[in-house]
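Asks: Once you've had a glance at the structure underneath, I'll fire off some questions.
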Amino acid sequence: MANEFDYVVIGAGPGGYSSAIRAAQLGLKTAVIEKENAGGVCLNWGCIPTKALLTSAHLLLKLREGKLGVTAKDGFSADLPAIIDRSRAVAARLETGIKSLFKKYGVRLIQGAGQFTSTNEIRVDGQEKQSVRFRNACIATGASARPLPQLKFSPRVWSYRDALVQKNLPKKLSVIGGGAIGLEFADFYQCLGAEVTLLEMAPHILPNDDARVAVALRRALEQRGMKILEGTKILAAAESAGGVSLEIEYNGQKQNLTSDAALIAIGVTPNTAGIGIENFGILDERGFVRVDATMQTKHKSIFAIGDVTAGKLLAHRAAHQGIFVAEFIAGKNPRPVGEIPGCIYTSPQVATIGRSEEELKRTGREYKAGEFPWLASGMALAAEDKNGFSRVFTDAKTGEILGAQIVGEHAAELIGQVSLAMGSELLADDFLHAVMPHPTLSETVFQAFAVLEGVAVDY
């Protein structure tokens with residue numbers, strides 16, 4: 001039958017499209033149901049367009065700082081509409097590429113909203129209504145921005161989607177939330193000239209990372225003029241014709257904060273409502289889909305991946321989970337998904353993987369730590385990126401690599417070395433046998449292991 005498939009995925013984000021394409025490569029008759037754009041939030045409204053924005057912003061930042069000896073007689077300026085248009089064009093091009101891949105591998109794209117009517121059938125409401133039957137299905141519907149209870153989204157109160165398409169630069173911007181989304185947009189708008197105040201309820205920004213990492217990033221952003229208030233409580237919030245006003249408590253003192261606009265980046269809500277799974281008994285108390293180690297729900301025909309499941313809500317996690325599910329269904333006995341690196345694309349960047357030092361201490365794990373300051377790196381000095389560092393952790397007895405933290409330009413690229421080493425079950429000593437080109441920032445990770453092992457010759 002035309003509408004019967006071996007595998008159906010709801011959601012064409014990084015997890016969904018990766019899973020569908022891999023399943024089709026393995027010979028499964030596959031379909032993807034998507035109500036918006038192929039590529040999902042990451043490609044259209046998250047990872048990719050934000051990086052396009054930040055590329056422009058950081059170039060402007062470097063030129064304005066003048067640290068590299070490059071100046072312009074009349075100065076440098078930003079054309080916000082042009083920057084936004086370029087970002088949207090990048091996203092549109094990649095969406096077209098995803099659709100081309102679907103055609104290449106024979107994945108059927110069904111446009112519309114999917115809703116389970118049973119554990120082997122989905123109803124799709126699109127230009128035409130249809131039912132799709134499946135042997136296996138995967139929920140990959142992602143998550144949506146969560147508003148403040150007292151401040152709903154509006155033209156002055158932004159979600160990340162709103163922040164991506166603004167054509168007018170606010171004079172003052174309040175950013176609520178010191179995680180990846182809040183920090184990246186705060187960085188972008190501050191680079192372009194907005195007066196940015198960032199509020200974080202936790203004791204420090206990046207609340208899931210070590211304070212050592214958070215302090216380094218905070219110091220860099222504050223040196224550029226950003227105002228960061230940690231440990232802040234929002235007592236009241238209101239929107240008016242003139243902007244947004246917040247009543248906050250900071251350092252035990254109440255104060256009022258006004259701005260032209262506010263970006264809310266306090267977390268997300270999984271997109272599990274309205275897709276027909278409320279009575280399947282597979283949702284936890286927060287609305288995430290419960291899955292086992294194989295991403296399978298208690299209904300063996302239904303899997304779930306990405307931001308609808310609890311864990312690190314990251315596109316590359318979703319993609320690898322999606323590939324795992326496709327290979328699992330095809331009987332390929334895939335390897336479990338490895339450690340998930342986390343990256344924040346501010347300037348400087350932050351990249352982490354594996355255990356944090358706070359976690360190692362809390363669990364009583366005997367570990368060794370090595371840190372290499374970028375002040376001792378020739379390449380970092382040449383590129384004027386001297387304030388970063390690379391840290392690594394290993395098991396004190398076995399040398400197993402337990403985690404790493406990198407703060408500095410291109411940290412997101414550098415963390416891949418450690419991810420590969422951990423996925424290959426290499427030890428610290430194995431890492432030291434790799435020859436890094438000189439001068440490069442990749443040497444800073446090598447040198448961190450050398451410091452840990454007591455054999456560093458450059459620090």
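Residues are referred to by chain and number: the chain letter is A, B, ... according to the order shown in the structure tokens, the number counts from 1 in that chain, and ligands are numbered separately from 1 in the order shown.
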Would you kindly return, as an MDAnalysis selection string, each protein, DNA or RNA residue with an atom no farther than 6 Å from any atom of segment 268-282 of chain A, considering only C-alpha atoms and excluding same-chain residues fewer than 2 positions away?

Replies: chainID A and resid 115:116 141:146 288:290 308

Asks: Pull the strand (DSSP E or B) assignments for segment 203-420 of chain A out of DSSP run on the backbone, and list those residues as a PyMOL selection string.

Replies: chain A and resi 227-230+233-240+243-250+253-259+261-264+268-270+283+289+296+302-304+342-344+349-354+367-373+389-395+400-408

Asks: Just how far from atom CA of Val90 of chain A is atom CA of Thr440 of chain A, in Å to one decimal?

Replies: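 Those two atoms sit 28.8 Å apart.
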
Asks: Env of Ile344 of chain A: 6 Å cut, atoms = only C-alpha atoms, seq-sep filter 5 positions within chain, self excluded. Answer as a list in words.

Replies: Ala180, Gln349 and Val350 of chain A

Asks: Which one of A:Ser174, A:Thr398, A:Thr352, A:Ser100 sits closest to Glu413 of chain A if you count only C-alpha atoms?

Replies: A:Thr352

Asks: Choose the residue, out of A:Ser356, A:Arg93, A:Phe303, A:Ala293, that has the smallest atom-to-atom separation from Pro207 of chain A; count only C-alpha atoms.

Replies: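 Nearest to Pro207 of chain A: A:Ser356.
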
Asks: Give the answer as one residue: which of A:Ile302, A:Leu257, A:Leu28, A:Val107 has the shortest atom-to-atom distance to Asn120 of chain A, using only C-alpha atoms?

Replies: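 Under the stated criterion, the closest residue is A:Ile302.
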
Asks: Identify which of the residues A:Thr50, A:Ser301, A:Ser245, A:Thr117 lies closest to Ala163 of chain A, counting only C-alpha atoms when measuring atom-to-atom distances.

Replies: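 Comparing A:Thr50, A:Ser301, A:Ser245, A:Thr117 against Ala163 of chain A, the winner is A:Thr50.
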